[in-house]
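Undergrad: Hey, dropping upload-v5.cif in here, mmCIF, C-alpha atoms:
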data_run
loop_
_atom_site.label_atom_id
_atom_site.label_comp_id
_atom_site.auth_asym_id
_atom_site.auth_seq_id
_atom_site.Cartn_x
_atom_site.Cartn_y
_atom_site.Cartn_z
CA MET I 1 4.88 13.05 -15.18
CA PRO I 2 8.36 14.34 -16.10
CA SER I 3 11.21 11.89 -16.57
CA HIS I 4 12.78 12.95 -13.26
CA LYS I 5 10.91 12.76 -9.98
CA PRO I 6 9.63 16.19 -8.87
CA VAL I 7 10.78 17.20 -5.41
CA PHE I 8 8.62 18.59 -2.59
CA ASP I 9 8.95 19.96 0.93
CA MET I 10 6.31 20.18 3.69
CA GLN I 11 5.75 23.05 6.12
CA VAL I 12 3.24 22.32 8.89
CA VAL I 13 1.65 24.77 11.32
CA GLY I 14 -0.46 23.74 14.29
CA CYS I 15 -1.66 20.68 16.14
CA LYS I 16 -0.98 16.95 16.01
CA VAL I 17 -3.97 16.50 13.70
CA ASN I 18 -2.25 18.79 11.21
CA GLN I 19 0.94 16.75 11.53
CA VAL I 20 -1.00 13.57 10.73
CA GLU I 21 -2.78 15.17 7.78
CA ALA I 22 0.49 16.51 6.40
CA ASN I 23 1.88 13.00 6.64
CA MET I 24 -1.12 11.70 4.72
CA LEU I 25 -0.71 14.36 2.03
CA ALA I 26 2.97 13.53 1.74
CA GLY I 27 2.02 9.88 1.30
CA LEU I 28 -0.34 10.79 -1.53
CA LEU I 29 2.42 12.76 -3.28
CA GLU I 30 5.02 10.02 -2.86
CA ALA I 31 2.58 7.44 -4.22
CA ASP I 32 2.11 9.71 -7.24
CA GLY I 33 5.83 9.89 -8.02
CA TRP I 34 7.03 12.88 -6.01
CA GLN I 35 10.01 12.60 -3.69
CA ARG I 36 10.86 14.48 -0.51
CA ASN I 37 13.58 17.10 -0.61
CA THR I 38 16.51 15.55 1.22
CA ASN I 39 19.49 17.53 -0.09
CA GLY I 40 18.40 21.04 0.88
CA GLY I 41 18.17 22.24 -2.70
CA GLN I 42 15.33 24.15 -4.30
CA PRO I 43 12.19 21.98 -4.42
CA ASP I 44 9.64 22.04 -7.20
CA LEU I 45 6.88 22.40 -4.62
CA VAL I 46 6.39 23.36 -0.99
CA LEU I 47 3.08 22.29 0.54
CA VAL I 48 2.11 24.47 3.53
CA HIS I 49 -0.48 22.85 5.80
CA THR I 50 -1.98 25.72 7.78
CA CYS I 51 -3.72 26.37 11.10
CA THR I 52 -6.14 29.08 12.21
CA VAL I 53 -6.66 28.38 15.91
CA THR I 54 -5.11 31.73 16.91
CA GLN I 55 -3.98 34.95 15.28
CA ARG I 56 -0.42 33.75 15.75
CA ALA I 57 -1.21 30.57 13.80
CA ASP I 58 -2.60 32.72 10.98
CA ARG I 59 0.51 34.90 11.01
CA ASP I 60 2.86 31.91 11.06
CA SER I 61 1.05 30.29 8.15
CA LEU I 62 1.16 33.44 6.02
CA ARG I 63 4.76 34.16 7.04
CA PHE I 64 5.90 30.73 5.89
CA ILE I 65 4.22 31.23 2.52
CA ARG I 66 5.90 34.62 2.01
CA GLN I 67 9.31 33.36 3.19
CA ILE I 68 9.19 30.41 0.82
CA HIS I 69 8.47 32.69 -2.12
CA GLN I 70 11.24 35.11 -1.11
CA THR I 71 13.79 32.32 -0.64
CA HIS I 72 12.78 30.22 -3.66
CA PRO I 73 10.89 32.47 -6.08
CA LYS I 74 10.74 29.72 -8.72
CA THR I 75 9.25 27.15 -6.34
CA LYS I 76 5.52 26.60 -6.58
CA ILE I 77 3.53 26.74 -3.34
CA ALA I 78 0.41 24.76 -2.47
CA VAL I 79 -1.60 25.58 0.65
CA SER I 80 -3.95 23.34 2.61
CA GLY I 81 -5.40 23.14 6.13
CA CYS I 82 -7.81 25.23 8.18
CA LEU I 83 -6.63 28.71 7.15
CA ALA I 84 -6.72 27.66 3.51
CA GLU I 85 -10.33 26.56 4.02
CA LEU I 86 -11.45 29.88 5.51
CA GLU I 87 -9.24 32.27 3.52
CA GLU I 88 -8.98 30.48 0.18
CA GLU I 89 -9.43 33.59 -1.98
CA LYS I 90 -6.94 35.67 0.00
CA ILE I 91 -4.30 32.92 0.01
CA SER I 92 -4.72 32.16 -3.69
CA ARG I 93 -3.63 35.73 -4.48
CA LEU I 94 -0.34 35.50 -2.57
CA PRO I 95 2.82 35.50 -4.73
CA GLY I 96 4.03 31.99 -5.50
CA VAL I 97 0.81 30.21 -4.55
CA ALA I 98 -0.17 27.88 -7.38
CA ALA I 99 -2.86 25.81 -5.65
CA VAL I 100 -5.14 25.94 -2.63
CA ILE I 101 -6.37 22.53 -1.51
CA ASN I 102 -9.54 22.77 0.57
CA GLN I 103 -10.87 20.15 2.95
CA HIS I 104 -13.14 18.50 0.39
CA SER I 105 -10.42 18.09 -2.22
CA ARG I 106 -7.59 16.79 -0.02
CA SER I 107 -8.08 13.26 -1.27
CA GLN I 108 -7.37 14.52 -4.81
CA ALA I 109 -4.27 16.47 -3.76
CA ALA I 110 -1.85 14.48 -5.93
CA ALA I 111 -3.97 14.86 -9.05
CA ILE I 112 -4.60 18.55 -8.38
CA LEU I 113 -0.89 19.25 -7.94
CA ARG I 114 0.01 17.20 -10.99
CA LYS I 115 -2.21 19.50 -13.00
CA LYS I 116 -1.39 22.80 -11.27
CA ILE I 117 2.32 22.31 -10.68
CA LEU I 118 3.41 19.89 -13.40
CA ALA I 119 0.88 20.95 -16.07
CA SER I 120 -0.29 17.36 -16.46
CA PRO I 121 -3.64 16.40 -17.98
CA GLU I 122 -7.01 17.03 -16.37
CA ILE I 123 -7.72 15.44 -13.01
CA ASP I 124 -8.79 11.83 -13.28
CA LYS I 125 -11.65 11.37 -10.82
CA SER I 126 -11.02 7.62 -10.78
CA GLU I 127 -7.85 8.34 -8.82
CA ASP I 128 -9.85 9.80 -5.94
CA VAL I 129 -9.17 8.36 -2.50
CA PRO I 130 -12.24 7.49 -0.38
CA VAL I 131 -13.57 10.32 1.77
CA TRP I 132 -15.75 9.75 4.84
CA GLY I 133 -18.20 12.49 5.83
CA GLN I 134 -18.68 16.04 4.72
CA SER I 135 -15.68 17.42 6.61
CA GLY I 136 -13.29 15.47 4.42
CA PHE I 137 -11.81 12.88 6.79
CA PHE I 138 -9.61 10.68 4.67
CA ALA I 139 -6.99 7.97 4.73
CA VAL I 140 -4.42 7.16 2.10
CA GLY I 141 -4.82 3.41 2.17
CA PRO I 142 -4.55 0.45 4.51
CA ASN I 143 -0.97 1.35 5.51
CA PRO I 144 -0.68 5.16 5.77
CA VAL I 145 2.88 6.38 5.50
CA GLN I 146 4.41 7.25 8.88
CA LEU I 147 7.27 9.70 8.97
CA PRO I 148 10.45 8.24 10.46
CA ARG I 149 9.95 9.16 14.09
CA SER I 150 9.74 7.48 17.46
CA ARG I 151 5.96 7.51 17.81
CA ALA I 152 3.06 7.09 15.43
CA PHE I 153 0.01 9.36 15.23
CA ILE I 154 -3.41 8.13 14.11
CA LYS I 155 -6.23 10.49 13.26
CA ILE I 156 -9.48 8.79 14.27
CA GLU I 157 -11.89 11.75 14.13
CA ASP I 158 -12.42 15.05 12.34
CA GLY I 159 -14.75 17.98 12.96
CA CYS I 160 -16.40 19.36 16.09
CA ASP I 161 -19.94 19.67 17.44
CA GLY I 162 -19.02 22.46 19.86
CA LEU I 163 -20.21 26.05 19.60
CA CYS I 164 -17.41 27.71 21.55
CA ALA I 165 -17.68 31.47 21.12
CA TYR I 166 -13.96 31.98 20.52
CA CYS I 167 -13.22 29.19 18.04
CA ARG I 168 -13.28 29.21 14.27
CA VAL I 169 -11.64 25.84 13.70
CA ARG I 170 -15.14 24.30 13.70
CA LEU I 171 -16.00 26.63 10.81
CA ALA I 172 -13.19 25.09 8.79
CA ARG I 173 -13.69 21.47 9.89
CA GLY I 174 -17.45 21.02 9.96
CA LYS I 175 -19.44 18.45 11.93
CA PRO I 176 -17.76 15.41 13.52
CA VAL I 177 -17.03 12.32 11.48
CA SER I 178 -15.44 9.15 12.81
CA ARG I 179 -13.13 6.55 11.41
CA SER I 180 -14.38 2.97 11.82
CA PRO I 181 -13.16 0.92 14.80
CA GLN I 182 -12.04 -1.81 12.39
CA ASP I 183 -9.78 0.60 10.47
CA ILE I 184 -8.31 2.00 13.68
CA VAL I 185 -7.54 -1.40 15.19
CA SER I 186 -6.13 -2.63 11.89
CA GLU I 187 -3.78 0.33 11.58
CA ILE I 188 -2.64 0.07 15.20
CA THR I 189 -1.98 -3.63 14.73
CA SER I 190 0.12 -2.87 11.65
CA LEU I 191 2.07 -0.18 13.51
CA ILE I 192 2.79 -2.50 16.43
CA GLN I 193 3.99 -5.17 14.02
CA ASN I 194 6.30 -2.57 12.46
CA GLY I 195 7.89 -1.80 15.81
CA TYR I 196 6.11 1.33 17.04
CA GLN I 197 5.81 1.33 20.82
CA GLU I 198 3.92 4.59 21.32
CA ILE I 199 0.78 5.36 19.32
CA VAL I 200 -1.08 8.64 19.74
CA LEU I 201 -4.80 8.90 18.99
CA THR I 202 -5.63 12.32 17.57
CA GLY I 203 -8.71 14.20 16.41
CA VAL I 204 -10.07 17.71 16.18
CA ASN I 205 -12.40 16.84 19.07
CA LEU I 206 -11.32 13.36 20.09
CA GLY I 207 -14.24 12.72 22.43
CA CYS I 208 -16.68 13.08 19.51
CA TRP I 209 -15.45 9.79 18.09
CA GLN I 210 -18.31 7.34 17.74
CA PRO I 211 -19.33 4.82 19.00
CA GLY I 212 -17.31 6.22 21.93
CA LEU I 213 -13.78 6.07 23.35
CA ALA I 214 -15.02 3.97 26.27
CA ALA I 215 -15.63 1.16 23.78
CA LEU I 216 -12.46 1.73 21.73
CA ILE I 217 -9.85 1.90 24.50
CA PRO I 218 -10.43 -1.64 25.87
CA GLU I 219 -10.34 -3.05 22.34
CA ILE I 220 -6.97 -1.39 21.66
CA THR I 221 -5.34 -2.16 25.00
CA ARG I 222 -6.21 -5.86 24.62
CA LEU I 223 -4.02 -6.07 21.53
CA PRO I 224 -0.86 -8.16 21.99
CA GLY I 225 2.54 -6.52 21.93
CA ASP I 226 4.81 -4.17 23.83
CA PHE I 227 3.30 -0.72 23.22
CA ARG I 228 1.41 2.12 24.81
CA ILE I 229 -1.46 4.35 23.67
CA ARG I 230 -1.67 8.08 24.33
CA LEU I 231 -4.72 10.32 23.94
CA SER I 232 -3.78 13.66 22.42
CA SER I 233 -6.48 15.76 24.15
CA LEU I 234 -9.97 15.32 25.54
CA GLU I 235 -12.74 17.85 26.16
CA PRO I 236 -13.93 17.73 29.81
CA GLN I 237 -17.59 17.09 28.93
CA HIS I 238 -16.60 13.83 27.28
CA LEU I 239 -14.99 12.48 30.46
CA ASN I 240 -18.19 10.67 31.46
CA ASP I 241 -18.70 7.70 33.80
CA GLU I 242 -18.08 5.08 31.11
CA LEU I 243 -14.88 6.73 29.90
CA ILE I 244 -13.58 7.26 33.43
CA GLN I 245 -14.00 3.53 34.05
CA ALA I 246 -12.29 2.65 30.77
CA LEU I 247 -9.33 4.94 31.51
CA ALA I 248 -9.02 3.59 35.03
CA GLN I 249 -9.06 -0.04 33.92
CA ALA I 250 -6.81 0.28 30.87
CA GLY I 251 -3.59 -0.47 32.71
CA ASP I 252 -0.07 0.43 31.58
CA LYS I 253 -0.93 0.20 27.88
CA LEU I 254 -2.70 3.55 28.23
CA CYS I 255 -0.43 6.43 29.25
CA ALA I 256 -1.35 7.83 32.66
CA HIS I 257 -1.63 11.34 31.23
CA LEU I 258 -4.70 13.28 30.18
CA HIS I 259 -4.76 16.69 28.55
CA LEU I 260 -8.00 18.52 29.41
CA PRO I 261 -8.74 21.99 27.97
CA LEU I 262 -10.06 23.89 31.01
CA GLN I 263 -10.05 27.29 29.21
CA SER I 264 -11.25 29.16 32.33
CA GLY I 265 -11.73 28.48 36.02
CA ASP I 266 -14.55 31.01 36.33
CA ASP I 267 -18.13 29.89 35.73
CA GLU I 268 -19.32 33.18 34.23
CA ILE I 269 -16.49 33.16 31.71
CA LEU I 270 -17.07 29.49 30.88
CA SER I 271 -20.72 30.32 30.19
CA ALA I 272 -19.75 33.27 27.99
CA MET I 273 -17.33 31.00 26.13
CA ARG I 274 -20.26 28.61 25.43
CA ARG I 275 -18.40 25.77 27.12
CA THR I 276 -20.67 22.87 28.10
CA TYR I 277 -19.42 22.32 31.66
CA ASP I 278 -18.83 24.35 34.80
CA THR I 279 -16.03 24.25 37.35
CA ALA I 280 -17.94 21.87 39.64
CA MET I 281 -18.33 19.30 36.84
CA PHE I 282 -14.66 19.65 35.89
CA ARG I 283 -13.48 19.12 39.48
CA ASP I 284 -15.82 16.16 40.01
CA ARG I 285 -14.71 14.27 36.91
CA VAL I 286 -11.01 14.86 37.51
CA ASN I 287 -11.33 13.81 41.15
CA ARG I 288 -13.24 10.63 40.25
CA LEU I 289 -10.57 9.59 37.77
CA LYS I 290 -7.81 10.41 40.26
CA ALA I 291 -9.53 8.23 42.87
CA LEU I 292 -9.60 5.27 40.49
CA ARG I 293 -6.18 5.83 38.92
CA PRO I 294 -4.04 7.93 41.31
CA GLU I 295 -1.01 7.98 39.00
CA MET I 296 -2.94 9.90 36.31
CA VAL I 297 -1.26 13.23 35.47
CA PHE I 298 -3.32 16.13 34.14
CA THR I 299 -2.26 18.96 31.87
CA GLY I 300 -4.54 21.54 30.29
CA ASP I 301 -5.26 24.59 28.15
CA VAL I 302 -6.33 27.98 29.48
CA ILE I 303 -7.37 31.09 27.56
CA VAL I 304 -6.62 34.35 29.35
CA GLY I 305 -8.11 37.75 28.60
CA PHE I 306 -11.46 36.55 27.28
CA PRO I 307 -13.90 39.48 26.89
CA GLY I 308 -15.37 40.36 30.28
CA GLU I 309 -12.68 38.54 32.27
CA THR I 310 -12.30 40.61 35.43
CA ARG I 311 -9.32 40.38 37.75
CA THR I 312 -11.48 38.26 40.07
CA ALA I 313 -12.37 35.89 37.23
CA PHE I 314 -8.70 35.52 36.36
CA GLU I 315 -7.82 34.80 40.00
CA ASN I 316 -10.58 32.18 40.06
CA THR I 317 -8.81 30.50 37.15
CA CYS I 318 -5.49 30.56 38.98
CA GLN I 319 -7.10 29.03 42.05
CA MET I 320 -8.84 26.36 39.96
CA VAL I 321 -5.53 25.44 38.36
CA ARG I 322 -3.94 25.00 41.77
CA GLU I 323 -6.84 22.96 43.18
CA THR I 324 -7.03 20.65 40.18
CA GLY I 325 -3.36 19.76 40.50
CA PHE I 326 -2.40 20.40 36.89
CA ALA I 327 1.19 19.44 36.16
CA ARG I 328 1.48 22.21 33.57
CA LEU I 329 -0.56 24.38 31.24
CA HIS I 330 -0.67 25.63 27.69
CA VAL I 331 -1.62 29.29 28.09
CA PHE I 332 -3.27 31.08 25.17
CA PRO I 333 -3.84 34.84 25.15
CA PHE I 334 -7.33 35.50 23.79
CA SER I 335 -7.35 36.53 20.15
CA ALA I 336 -10.51 37.73 18.45
CA ARG I 337 -11.08 35.40 15.51
CA PRO I 338 -13.08 36.71 12.53
CA GLY I 339 -16.45 35.00 12.24
CA THR I 340 -16.73 34.07 15.93
CA GLU I 341 -19.16 35.46 18.51
CA ALA I 342 -16.43 36.50 20.92
CA ALA I 343 -14.85 38.84 18.38
CA ASP I 344 -17.85 41.15 18.87
CA PHE I 345 -18.39 40.67 22.61
CA PRO I 346 -18.24 43.77 24.83
CA GLY I 347 -15.55 43.99 27.47
CA GLN I 348 -12.56 43.38 25.20
CA LEU I 349 -9.38 43.64 27.26
CA ALA I 350 -6.35 45.72 26.37
CA SER I 351 -3.57 43.67 24.80
CA ARG I 352 -1.14 44.64 27.57
CA GLU I 353 -3.50 43.29 30.23
CA ILE I 354 -3.91 40.04 28.32
CA THR I 355 -0.12 39.72 27.93
CA ASP I 356 0.43 40.36 31.66
CA ARG I 357 -2.12 37.73 32.67
CA ALA I 358 -0.64 35.20 30.27
CA ARG I 359 2.81 35.82 31.76
CA GLU I 360 1.43 35.42 35.30
CA LEU I 361 -0.35 32.16 34.51
CA ARG I 362 2.70 30.77 32.72
CA ALA I 363 4.76 31.53 35.82
CA LEU I 364 2.23 29.60 37.90
CA SER I 365 2.42 26.74 35.41
CA GLY I 366 6.19 26.72 35.77
CA GLU I 367 5.89 26.47 39.56
CA LEU I 368 3.39 23.63 39.31
CA TYR I 369 5.59 21.77 36.87
CA GLN I 370 8.55 21.91 39.24
CA VAL I 371 6.35 20.52 42.02
CA HIS I 372 5.19 17.76 39.68
CA LEU I 373 8.71 16.87 38.54
CA ARG I 374 10.00 16.71 42.12
CA SER I 375 7.11 14.38 42.98
CA ARG I 376 8.41 11.92 40.37
CA ILE I 377 11.78 11.37 42.08
CA GLY I 378 12.08 7.78 43.25
CA LYS I 379 9.20 6.57 41.08
CA PRO I 380 9.37 4.11 38.19
CA VAL I 381 8.79 5.44 34.67
CA MET I 382 8.74 4.14 31.11
CA VAL I 383 10.72 6.36 28.73
CA LEU I 384 10.16 6.38 24.98
CA LEU I 385 13.64 6.81 23.51
CA GLU I 386 13.73 9.64 20.98
CA GLU I 387 17.22 11.09 20.57
CA GLU I 388 20.62 9.66 21.48
CA LEU I 389 22.51 12.54 23.13
CA ASN I 390 25.72 10.57 23.72
CA PRO I 391 26.57 6.89 23.37
CA GLY I 392 24.29 5.14 25.85
CA GLU I 393 22.45 8.33 26.86
CA TRP I 394 19.00 9.11 25.48
CA ALA I 395 16.45 11.89 25.64
CA GLY I 396 12.85 10.76 25.65
CA THR I 397 9.35 11.11 27.03
CA THR I 398 7.66 9.35 29.94
CA GLU I 399 4.10 8.09 30.10
CA ALA I 400 3.18 11.38 31.87
CA HIS I 401 4.61 13.30 28.90
CA ASP I 402 7.61 14.54 30.92
CA ARG I 403 10.94 15.05 29.21
CA ALA I 404 13.60 12.66 30.52
CA ILE I 405 17.24 11.66 30.18
CA ILE I 406 18.02 7.99 30.63
CA LYS I 407 21.28 6.06 30.36
CA THR I 408 20.53 2.90 28.45
CA ILE I 409 21.46 0.93 25.39
CA GLY I 410 18.57 1.08 22.97
CA GLN I 411 17.21 2.58 19.80
CA ALA I 412 14.81 5.35 18.85
CA GLY I 413 11.18 4.44 19.31
CA LYS I 414 11.76 1.79 21.96
CA LEU I 415 10.56 1.89 25.57
CA ALA I 416 13.01 1.70 28.47
CA ARG I 417 12.02 1.22 32.10
CA GLY I 418 13.81 3.08 34.87
CA THR I 419 13.55 5.00 38.13
CA VAL I 420 13.72 8.78 38.46
CA LEU I 421 16.92 9.71 40.31
CA ASP I 422 17.09 13.49 40.03
CA LEU I 423 16.12 16.55 37.98
CA ASP I 424 18.06 18.41 35.29
CA ASN I 425 16.15 21.71 34.99
CA GLU I 426 12.84 20.56 33.46
CA ARG I 427 13.97 17.03 32.64
CA LEU I 428 13.87 13.89 34.73
CA VAL I 429 17.14 12.05 35.19
CA VAL I 430 16.31 8.36 35.00
CA GLY I 431 18.42 5.34 35.91
CA GLU I 432 17.61 2.22 33.89
CA GLU I 433 16.45 -0.78 35.83
CA SER I 434 18.80 -3.74 35.89
CA ALA I 435 17.85 -6.60 33.60
#
Please, can you express the file's structure as structure tokens?
TA:
Amino acid sequence: MPSHKPVFDMQVVGCKVNQVEANMLAGLLEADGWQRNTNGGQPDLVLVHTCTVTQRADRDSLRFIRQIHQTHPKTKIAVSGCLAELEEEKISRLPGVAAVINQHSRSQAAAILRKKILASPEIDKSEDVPVWGQSGFFAVGPNPVQLPRSRAFIKIEDGCDGLCAYCRVRLARGKPVSRSPQDIVSEITSLIQNGYQEIVLTGVNLGCWQPGLAALIPEITRLPGDFRIRLSSLEPQHLNDELIQALAQAGDKLCAHLHLPLQSGDDEILSAMRRTYDTAMFRDRVNRLKALRPEMVFTGDVIVGFPGETRTAFENTCQMVRETGFARLHVFPFSARPGTEAADFPGQLASREITDRARELRALSGELYQVHLRSRIGKPVMVLLEEELNPGEWAGTTEAHDRAIIKTIGQAGKLARGTVLDLDNERLVVGEESA
């Protein structure tokens, strides 16, 4: 290593799993003598952790790489993540790219970059960090570095066993692998002891975690301390009887919010997508959980413009969204991903039609969100404090993942209880409860 500490920046594209992995990679670099770029100067290295879930994610990833090289032509670039896994040869030829770190070599990232960027000796295999499973799930040690933020994210699973016709993330991630319950509970315990009051469980397909979330959730929520757990996302087929009971019985330590990727509200389109549920199953499982835990708030993902989606099929989706009572949606225009079945399906829709349907569904989501927010007025909430806007006034997030403003004396990362008084556009205005 050089006498001075080499400096690095991170650029992350994509989901919460990518954020966690970028944090892990940063921890590996810091443990190896690198330091984060804090003064805005030219770093020695920028590590771009990429995503490939949509064409836009691909474009963003490639755009960041090109912009970094244009802005800092002497800075070396390393690329990791899903796009790097599937397009390694293409990315390695981009100007400025000095290293591509694939899924299987992430645990050796520090040694690889020492060699590629700093021209240090050959990689020492003894420095390897343990890897679980073929998809490359890894941890950086018993106390993974958490970025200074109000909540902590824990990756408990990697990979996917789905065969969805539109998705190529599974091609990059491989089959599911699970982190041990002991490691998960140990890390959560450490985070609670270090003051974190919201902990988010993440995974590429969270419901694939074994031996099952229905067993893990009670073990976590029994831990002592003032904290809450949030699930990042859950596929509908994994919301089985056992998990419904576990979610219903978890109490306030589990956020009353569940993100379920619906993808379509039309059975023919769901079948073409190779989804493993139909609309009747989706409705039944949501309704059963609502009956047991009425305060549960649901959000979801929908893909519009899938090949063969007629106007009637799209309207079925809109009706399903209304009936389910989603608070809001993430709407994704269909993009044909290379290497997926759907890229070659007949009935591809014109881009203008896809754009129009996405706009229409987003407008419906906006209407539903206003209805949801108005329904919160007069109800108690717990707000995770995130940013102090003015002295004694904080922006934060409720257990239902709503944005909120609360007047309170506190600090970032702490929970504050209050009652919703009013709305400020798409934010709840919360009055803190008296001590």
Undergrad: Compare I:Lys253, I:His104, I:Lys16, I:His49 by their minimum atom-to-atom distance to Pro218 in chain I, counting only C-alpha atoms, and give me the closest one.
TA: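 For Pro218 in chain I, the nearest of the candidates is I:Lys253.
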Undergrad: List, as a PyMOL selection string, every residue that the PyMOL selection byres ((chain I and resi 377) around 7) selects in the file provided.
TA: chain I and resi 374-376+378-379+420-422
Undergrad: Those residues you just picked out, can you put them in a file as a compact mmCIF listing (two decimals), in the frame of the given file with C-alpha atoms?
TA:
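After the write, again_3.txt holds the following:
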# COMPACT_ATOMS: atom_id res chain seq x y z
CA ARG I 374 10.00 16.71 42.12
CA SER I 375 7.11 14.38 42.98
CA ARG I 376 8.41 11.92 40.37
CA GLY I 378 12.08 7.78 43.25
CA LYS I 379 9.20 6.57 41.08
CA VAL I 420 13.72 8.78 38.46
CA LEU I 421 16.92 9.71 40.31
CA ASP I 422 17.09 13.49 40.03
Undergrad: Taking into account all atoms listed in the file, which residue in the set I:Leu289, I:Ala272, I:Ala84, I:Ala152 is nearest to Leu258 in chain I?
TA: I:Leu289
Undergrad: Given the file above and the PyMOL selection byres ((chain I and resi 300) around 8), which residues are selected, and can you give them as a count of residues only?
TA: 12
Undergrad: Using all atoms of range 36-48 of chain I listed in the file and a margin of 4 Å per side, can you give the axis-aligned box centre and edge lengths in Å to one decimal, as AutoDock Vina command-line options?
TA:
--center_x 10.8 --center_y 19.5 --center_z -1.8 --size_x 25.4 --size_y 18.0 --size_z 18.7
Undergrad: To one decimal place, how far is CA of Asp252 in chain I from CA of Gly418 in chain I in Å?
TA: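 Pair CA of Asp252 in chain I / CA of Gly418 in chain I returns 14.5 Å.
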Undergrad: Output the residue selection produced by the PyMOL selection byres ((chain I and resi 155) around 12) on the file above, formatted as a PyMOL selection string.
TA: chain I and resi 15-24+137-140+144+146+152-154+156-159+177-181+183-184+187-188+199-206+209+231-232
Undergrad: Restricting the calculation to all atoms listed in the file, which member of I:Gly207, I:Gly174, I:Gly14, I:Gly265 is positioned closest to Arg59 in chain I?
TA: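 Closest candidate: I:Gly14.
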Undergrad: So that I can see what lies close to range 77-81 of chain I, please list as a ChimeraX atom specification the residues with an atom at most 6 Å from it, counting all atoms listed in the file and leaving out residues fewer than 6 positions away in the same chain.
TA: /I:45-50,96-102
Undergrad: Which of these, I:Glu432, I:Glu426, I:Glu387, I:Glu323, has the shortest distance to Lys407 in chain I once you count all atoms listed in the file?
TA: I:Glu432
Undergrad: So that I can see what lies close to Val53 in chain I, please list as number ranges by chain the residues with an atom at most 8 Å from it, counting all atoms listed in the file and leaving out residues fewer than 3 positions away in the same chain.
TA: I: 14, 57-58, 167-169
Undergrad: Export, as a PDB file, in the coordinates of the input, the selected residues with C-alpha atoms.
TA:
ATOM      1  CA  GLY I  14      -0.460  23.740  14.290  1.00  0.00           C
ATOM      2  CA  ALA I  57      -1.210  30.570  13.800  1.00  0.00           C
ATOM      3  CA  ASP I  58      -2.600  32.720  10.980  1.00  0.00           C
ATOM      4  CA  CYS I 167     -13.220  29.190  18.040  1.00  0.00           C
ATOM      5  CA  ARG I 168     -13.280  29.210  14.270  1.00  0.00           C
ATOM      6  CA  VAL I 169     -11.640  25.840  13.700  1.00  0.00           C
TER       7      VAL I 169
END
Undergrad: Tell me which of I:Ala109, I:Ala358, I:Val371, I:Val13 sits closest to Asp32 in chain I, counting only C-alpha atoms.
TA: I:Ala109
Undergrad: Could you check the closest approach to Leu384 in chain I for each of I:Ile405, I:Leu415, I:Leu223, I:Leu423 and tell me which residue wins, using only C-alpha atoms?
TA: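 Of I:Ile405, I:Leu415, I:Leu223, I:Leu423, the one nearest Leu384 in chain I, counting only C-alpha atoms, is I:Leu415.
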Undergrad: For Thr189 in chain I, list every protein, DNA or RNA residue within 9 Å, evaluated using all atoms listed in the file, and leave out those in the same chain fewer than 6 positions away; present the list as a ChimeraX atom specification.
TA: /I:220,223-225
Undergrad: Record the distance separating CA of Gly392 in chain I and CA of Ile229 in chain I, expressed in Å with one decimal.
TA: 25.9 Å
